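J.: The file below is structure.tsv, TSV, C-alpha atoms:
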```tsv
chain	number	residue	atom	x	y	z
A	251	MET	CA	-17.09	-5.17	-5.07
A	252	ARG	CA	-16.99	-4.46	-1.38
A	253	SER	CA	-16.59	-0.97	0.03
A	254	ALA	CA	-16.46	1.01	3.23
A	255	GLU	CA	-16.95	4.75	3.54
A	256	LEU	CA	-14.37	6.44	5.76
A	257	ARG	CA	-13.59	10.09	6.50
A	258	GLN	CA	-10.24	11.85	6.44
A	259	GLY	CA	-8.90	12.49	9.93
A	260	ARG	CA	-5.58	13.87	11.12
A	261	THR	CA	-2.53	14.19	8.87
A	262	PHE	CA	1.00	13.58	10.11
A	263	VAL	CA	4.41	14.08	8.50
A	264	LEU	CA	7.20	11.78	9.66
A	265	ARG	CA	10.91	11.92	9.00
A	266	LEU	CA	12.60	8.57	9.38
A	267	GLU	CA	16.24	8.75	10.31
A	268	ASP	CA	19.10	6.70	8.93
A	269	GLY	CA	18.69	3.04	9.93
A	270	GLU	CA	14.99	3.04	10.85
A	271	VAL	CA	12.90	0.20	9.37
A	272	LEU	CA	10.04	1.65	7.35
A	273	HIS	CA	7.11	-0.63	8.26
A	274	GLU	CA	8.16	-0.87	11.92
A	275	ALA	CA	8.33	2.92	12.24
A	276	VAL	CA	4.93	3.46	10.58
A	277	GLU	CA	3.18	0.77	12.63
A	278	SER	CA	4.78	2.01	15.87
A	279	PHE	CA	3.78	5.61	15.14
A	280	CYS	CA	0.22	4.56	14.32
A	281	ARG	CA	-0.04	2.47	17.50
A	282	ASP	CA	1.34	5.33	19.65
A	283	ASN	CA	-1.10	7.83	18.10
A	284	GLY	CA	-4.25	5.71	18.03
A	285	ILE	CA	-4.31	5.39	14.23
A	286	VAL	CA	-5.79	2.11	12.98
A	287	ARG	CA	-6.76	3.11	9.42
A	288	ALA	CA	-4.75	5.42	7.16
A	289	THR	CA	-3.18	6.05	3.79
A	290	VAL	CA	0.60	6.37	3.59
A	291	SER	CA	2.84	8.17	1.10
A	292	ILE	CA	6.62	7.70	1.09
A	293	THR	CA	9.58	9.38	-0.57
A	294	GLY	CA	13.28	9.26	0.21
A	295	ALA	CA	16.14	6.77	0.11
A	296	VAL	CA	16.75	3.27	1.47
A	297	ASP	CA	19.94	1.49	2.43
A	298	LYS	CA	21.88	-1.34	0.85
A	299	GLY	CA	20.57	-4.67	2.18
A	300	SER	CA	16.94	-3.49	2.28
A	301	MET	CA	14.51	-6.17	1.11
A	302	MET	CA	11.24	-6.16	-0.82
A	303	VAL	CA	8.90	-8.65	-2.49
A	304	SER	CA	8.65	-8.35	-6.26
A	305	GLY	CA	6.00	-10.81	-7.32
A	306	PRO	CA	5.72	-14.50	-6.63
A	307	SER	CA	8.26	-17.08	-7.69
A	308	VAL	CA	6.96	-19.04	-10.66
A	309	PRO	CA	5.57	-21.49	-11.42
A	310	ILE	CA	2.87	-21.02	-8.79
A	311	GLU	CA	1.82	-24.34	-7.32
A	312	GLY	CA	-0.01	-24.44	-4.01
A	313	LYS	CA	1.41	-21.97	-1.48
A	314	ILE	CA	2.69	-18.78	-3.11
A	315	GLN	CA	6.43	-18.27	-2.60
A	316	PRO	CA	7.44	-14.59	-2.58
A	317	ARG	CA	10.35	-13.44	-4.75
A	318	ILE	CA	12.57	-11.46	-2.37
A	319	ILE	CA	14.88	-8.79	-3.77
A	320	THR	CA	17.78	-7.59	-1.61
A	321	LEU	CA	19.12	-4.19	-2.64
A	322	GLU	CA	22.82	-4.22	-3.53
A	323	GLU	CA	23.16	-0.43	-3.28
A	324	LYS	CA	21.45	2.52	-1.65
A	325	CYS	CA	18.38	3.46	-3.72
A	326	GLU	CA	15.76	6.17	-4.10
A	327	ILE	CA	12.26	5.10	-3.01
A	328	THR	CA	8.70	6.17	-3.58
A	329	GLY	CA	5.59	4.35	-2.43
A	330	ARG	CA	1.93	4.41	-1.44
A	331	GLY	CA	0.07	2.21	0.97
A	332	THR	CA	-2.55	1.70	3.60
A	333	VAL	CA	-2.82	0.93	7.28
A	334	PHE	CA	-5.69	-1.24	8.53
A	335	PRO	CA	-6.06	-3.13	11.80
A	336	ASP	CA	-5.77	-6.87	12.27
A	337	ALA	CA	-8.43	-8.81	14.17
A	338	ASP	CA	-6.86	-7.64	17.47
A	339	GLY	CA	-6.88	-3.95	16.49
A	340	ASN	CA	-3.15	-3.67	15.77
A	341	PRO	CA	-2.32	-1.39	12.82
A	342	LEU	CA	-0.73	-3.29	9.91
A	343	VAL	CA	0.86	-1.45	7.00
A	344	HIS	CA	0.71	-2.59	3.36
A	345	ILE	CA	2.91	-0.50	1.09
A	346	HIS	CA	3.93	-1.01	-2.51
A	347	GLY	CA	6.49	1.13	-4.19
A	348	SER	CA	9.48	1.42	-6.44
A	349	VAL	CA	13.17	1.71	-5.75
A	350	GLY	CA	15.89	2.61	-8.20
A	351	ARG	CA	19.40	3.80	-8.89
A	352	GLU	CA	21.47	4.26	-12.07
A	353	GLY	CA	19.48	2.00	-14.40
A	354	PHE	CA	18.29	-0.48	-11.75
A	355	SER	CA	14.67	-0.42	-10.63
A	356	ALA	CA	12.32	-2.75	-8.81
A	357	THR	CA	8.68	-2.45	-7.85
A	358	GLY	CA	6.78	-4.44	-5.27
A	359	ASP	CA	5.73	-4.89	-1.66
A	360	LEU	CA	7.97	-2.95	0.72
A	361	ARG	CA	7.06	-4.99	3.80
A	362	PRO	CA	9.98	-7.36	4.38
A	363	ARG	CA	12.64	-4.87	5.51
A	364	MET	CA	13.18	-1.45	3.96
A	365	VAL	CA	15.78	0.50	5.94
A	366	ALA	CA	15.92	4.29	5.71
A	367	TRP	CA	19.13	5.83	4.44
A	368	LEU	CA	19.75	9.49	5.21
A	369	VAL	CA	16.05	10.38	5.28
A	370	VAL	CA	12.65	8.99	4.37
A	371	GLU	CA	9.67	11.34	4.42
A	372	ILE	CA	6.28	9.82	5.16
A	373	VAL	CA	2.84	11.40	5.13
A	374	ILE	CA	0.17	9.51	7.07
A	375	THR	CA	-3.45	10.52	6.50
A	376	GLU	CA	-5.76	8.97	9.05
A	377	LEU	CA	-9.01	7.39	7.87
A	378	VAL	CA	-11.84	7.60	10.42
A	379	GLY	CA	-14.74	5.17	10.60
A	380	GLU	CA	-15.51	1.49	10.93
A	381	GLY	CA	-14.78	-1.00	8.26
A	382	PRO	CA	-11.81	-2.73	6.73
A	383	VAL	CA	-9.62	-5.09	8.75
A	384	ARG	CA	-6.74	-7.39	7.81
A	385	LEU	CA	-7.54	-11.08	8.32
A	386	GLU	CA	-5.76	-14.31	7.44
A	387	SER	CA	-8.14	-15.13	4.66
A	388	ASP	CA	-6.03	-16.90	2.04
A	389	PRO	CA	-4.04	-20.04	2.94
A	390	ARG	CA	-1.77	-19.57	-0.11
A	391	ILE	CA	0.10	-16.64	1.49
A	392	ASP	CA	1.48	-15.73	4.91
A	393	GLY	CA	0.01	-12.21	4.80
A	394	LYS	CA	-3.25	-10.89	6.13
A	395	LEU	CA	-5.61	-9.75	3.39
A	396	LEU	CA	-7.96	-6.80	3.58
A	397	GLU	CA	-11.51	-7.82	4.46
A	398	ILE	CA	-14.49	-5.55	3.86
A	399	ARG	CA	-17.73	-7.07	4.99
A	400	ARG	CA	-20.10	-4.88	3.02
A	401	TRP	CA	-20.91	-6.20	-0.44
A	402	HIS	CA	-21.85	-3.85	-3.30
A	403	PRO	CA	-22.85	-5.67	-6.49
A	404	ARG	CA	-22.21	-3.79	-9.70
A	405	ARG	CA	-25.21	-1.83	-10.75
A	406	SER	CA	-26.32	-1.39	-14.31
A	407	SER	CA	-28.48	1.57	-15.22
A	408	GLY	CA	-30.29	-0.59	-17.74
A	409	ARG	CA	-29.80	1.94	-20.52
A	410	ARG	CA	-27.35	1.97	-23.33
A	411	SER	CA	-24.62	4.54	-23.55
A	412	THR	CA	-25.44	7.54	-25.69
A	413	THR	CA	-21.80	8.55	-26.04
A	414	ARG	CA	-20.53	8.33	-29.59
A	415	THR	CA	-17.04	7.54	-30.74
A	416	ALA	CA	-14.50	9.81	-32.42
A	417	SER	CA	-16.78	10.53	-35.38
A	418	ARG	CA	-18.54	13.04	-33.14
A	419	SER	CA	-15.36	14.95	-32.27
A	420	ARG	CA	-14.61	18.31	-33.84
A	421	SER	CA	-11.42	20.24	-34.13
A	422	THR	CA	-11.34	23.56	-32.35
A	423	GLY	CA	-8.96	25.06	-34.93
A	424	THR	CA	-10.11	27.54	-37.60
```
Show this structure as structure tokens.

T.:
Amino acid sequence: MRSAELRQGRTFVLRLEDGEVLHEAVESFCRDNGIVRATVSITGAVDKGSMMVSGPSVPIEGKIQPRIITLEEKCEITGRGTVFPDADGNPLVHIHGSVGREGFSATGDLRPRMVAWLVVEIVITELVGEGPVRLESDPRIDGKLLEIRRWHPRRSSGRRSTTRTASRSRSTGT
């Protein structure tokens, strides 16, 4: 495991208008406001024609080919993600979420092109400190993976658990 300790900074609430592209708006806002690390929460609706990645195409041989889904109708959306800088300090967003409408649903990476319909509400919580960056670290994909340079091996306390199983439970009824 690798980890980096960061602190919570400023919090912003954004309202994307009809037609704005989700990842472009978030990255632009972060760049304009000096945000290079953050968490992102999204809720709202996206337009017909929006695109997302829902897993790789299979079988996987060599370079991973993303499975692109193009929405045939306007859909509700919810998602969570992060913003971390690339090697040049540019904020890059990585958001996964779900979209759905009347029995259809899909979950995956929202990066390719999610277009706001009516309104998309976004909360950006800045993370302050040094640490994670996005680097091209895996030749199998075109994306930039998160790199944390601090390594934390799993620690074992060396003692056995003293917690017992259900036989120790008691009902609180009379």

J.: What lies within 12 Å of A:Pro389 using all atoms listed in the file, ignoring chain neighbours under 6 positions off, as a list in words?

T.: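 Counting only the stated atoms, we get Gly312, Lys313, Ile314, Gln315 and Leu395 of chain A.
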
J.: Output C-alpha atoms for every residue in that selection, as a short mmCIF file (atom, residue, chain, number, x, y, z; two decimals), in the coordinates of the input.

T.:
```cif
data_model
loop_
_atom_site.label_atom_id
_atom_site.label_comp_id
_atom_site.auth_asym_id
_atom_site.auth_seq_id
_atom_site.Cartn_x
_atom_site.Cartn_y
_atom_site.Cartn_z
CA GLY A 312 -0.01 -24.44 -4.01
CA LYS A 313 1.41 -21.97 -1.48
CA ILE A 314 2.69 -18.78 -3.11
CA GLN A 315 6.43 -18.27 -2.60
CA LEU A 395 -5.61 -9.75 3.39
#
```

J.: Using all atoms listed in the file, determine which residues lie at most 12 Å from A:Cys280, disregarding the query and same-chain residues fewer than 4 positions distant; provide the list as a short mmCIF file (atom, residue, chain, number, x, y, z; two decimals) with C-alpha atoms, keeping the file's coordinate frame.

T.:
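This is the output file selection19.cif:
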```
data_model
loop_
_atom_site.label_atom_id
_atom_site.label_comp_id
_atom_site.auth_asym_id
_atom_site.auth_seq_id
_atom_site.Cartn_x
_atom_site.Cartn_y
_atom_site.Cartn_z
CA ARG A 260 -5.58 13.87 11.12
CA THR A 261 -2.53 14.19 8.87
CA PHE A 262 1.00 13.58 10.11
CA VAL A 263 4.41 14.08 8.50
CA LEU A 264 7.20 11.78 9.66
CA HIS A 273 7.11 -0.63 8.26
CA GLU A 274 8.16 -0.87 11.92
CA ALA A 275 8.33 2.92 12.24
CA VAL A 276 4.93 3.46 10.58
CA GLY A 284 -4.25 5.71 18.03
CA ILE A 285 -4.31 5.39 14.23
CA VAL A 286 -5.79 2.11 12.98
CA ARG A 287 -6.76 3.11 9.42
CA ALA A 288 -4.75 5.42 7.16
CA THR A 289 -3.18 6.05 3.79
CA VAL A 290 0.60 6.37 3.59
CA THR A 332 -2.55 1.70 3.60
CA VAL A 333 -2.82 0.93 7.28
CA PHE A 334 -5.69 -1.24 8.53
CA PRO A 335 -6.06 -3.13 11.80
CA GLY A 339 -6.88 -3.95 16.49
CA ASN A 340 -3.15 -3.67 15.77
CA PRO A 341 -2.32 -1.39 12.82
CA LEU A 342 -0.73 -3.29 9.91
CA VAL A 343 0.86 -1.45 7.00
CA VAL A 373 2.84 11.40 5.13
CA ILE A 374 0.17 9.51 7.07
CA THR A 375 -3.45 10.52 6.50
CA GLU A 376 -5.76 8.97 9.05
CA LEU A 377 -9.01 7.39 7.87
#
```

J.: Give as a PDB file with C-alpha atoms, in the coordinates of the input each residue that has an atom at most 10 Å from (10.3, 12.6, 7.8) in the file, counting only C-alpha atoms.

T.:
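Ended up saving to part00.pdb:
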```
ATOM      1  CA  PHE A 262       1.000  13.580  10.110  1.00  0.00           C
ATOM      2  CA  VAL A 263       4.410  14.080   8.500  1.00  0.00           C
ATOM      3  CA  LEU A 264       7.200  11.780   9.660  1.00  0.00           C
ATOM      4  CA  ARG A 265      10.910  11.920   9.000  1.00  0.00           C
ATOM      5  CA  LEU A 266      12.600   8.570   9.380  1.00  0.00           C
ATOM      6  CA  GLU A 267      16.240   8.750  10.310  1.00  0.00           C
ATOM      7  CA  ILE A 292       6.620   7.700   1.090  1.00  0.00           C
ATOM      8  CA  THR A 293       9.580   9.380  -0.570  1.00  0.00           C
ATOM      9  CA  GLY A 294      13.280   9.260   0.210  1.00  0.00           C
ATOM     10  CA  VAL A 369      16.050  10.380   5.280  1.00  0.00           C
ATOM     11  CA  VAL A 370      12.650   8.990   4.370  1.00  0.00           C
ATOM     12  CA  GLU A 371       9.670  11.340   4.420  1.00  0.00           C
ATOM     13  CA  ILE A 372       6.280   9.820   5.160  1.00  0.00           C
ATOM     14  CA  VAL A 373       2.840  11.400   5.130  1.00  0.00           C
TER      15      VAL A 373
END
```

J.: Point out the residue among A:Gly381, A:Gly299, A:Gly347, A:Pro316 with the least atom-to-atom distance to A:Asp359, counting all atoms listed in the file.

T.: A:Gly347

J.: Do a neighbour search on A:Glu380 at 9 Å with only C-alpha atoms, toss out local chain neighbours closer than 5 positions, and write the hits as a list in words.

T.: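 Once the nearby chain positions are removed, what remains is Ala254, Glu255 and Leu256 of chain A.
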
J.: For a test of reading the model, state the distance in Å between atom CA of A:Met364 and atom CA of A:Ser278, rounded to one decimal.

T.: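 Separation between atom CA of A:Met364 and atom CA of A:Ser278: 15.0 Å.
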
J.: Any idea what's packed within 7 Å of stretch 268-272 of chain A, counting only C-alpha atoms, ignoring anything in its chain fewer than 5 positions away? Could you give it as a VMD selection string?

T.: chain A and resid 363 to 369

J.: Skip A:Met301 itself and residues of its chain fewer than 3 positions away, then list as a count of residues only all residues within 7 Å of it, counting all atoms listed in the file.

T.: 7

J.: So how far away is atom CA of A:Gly350 from atom CA of A:Cys325, in Å?

T.: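 Taking atom CA of A:Cys325 as the start and atom CA of A:Gly350 as the end point, the length is 5.2 Å.
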
J.: If you measure from atom CA of A:Leu396 to atom CA of A:Asp338, what distance in Å do you get, rounded to one decimal?

T.: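 Computed distance, atom CA of A:Leu396 to atom CA of A:Asp338, equals 14.0 Å.
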
J.: Which residue, A:Gln258, A:Asn283, A:Ser253, A:Thr357, has the smallest gap to A:Arg317 when you use all atoms listed in the file?

T.: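 Closest residue, counting all atoms listed in the file: A:Thr357.
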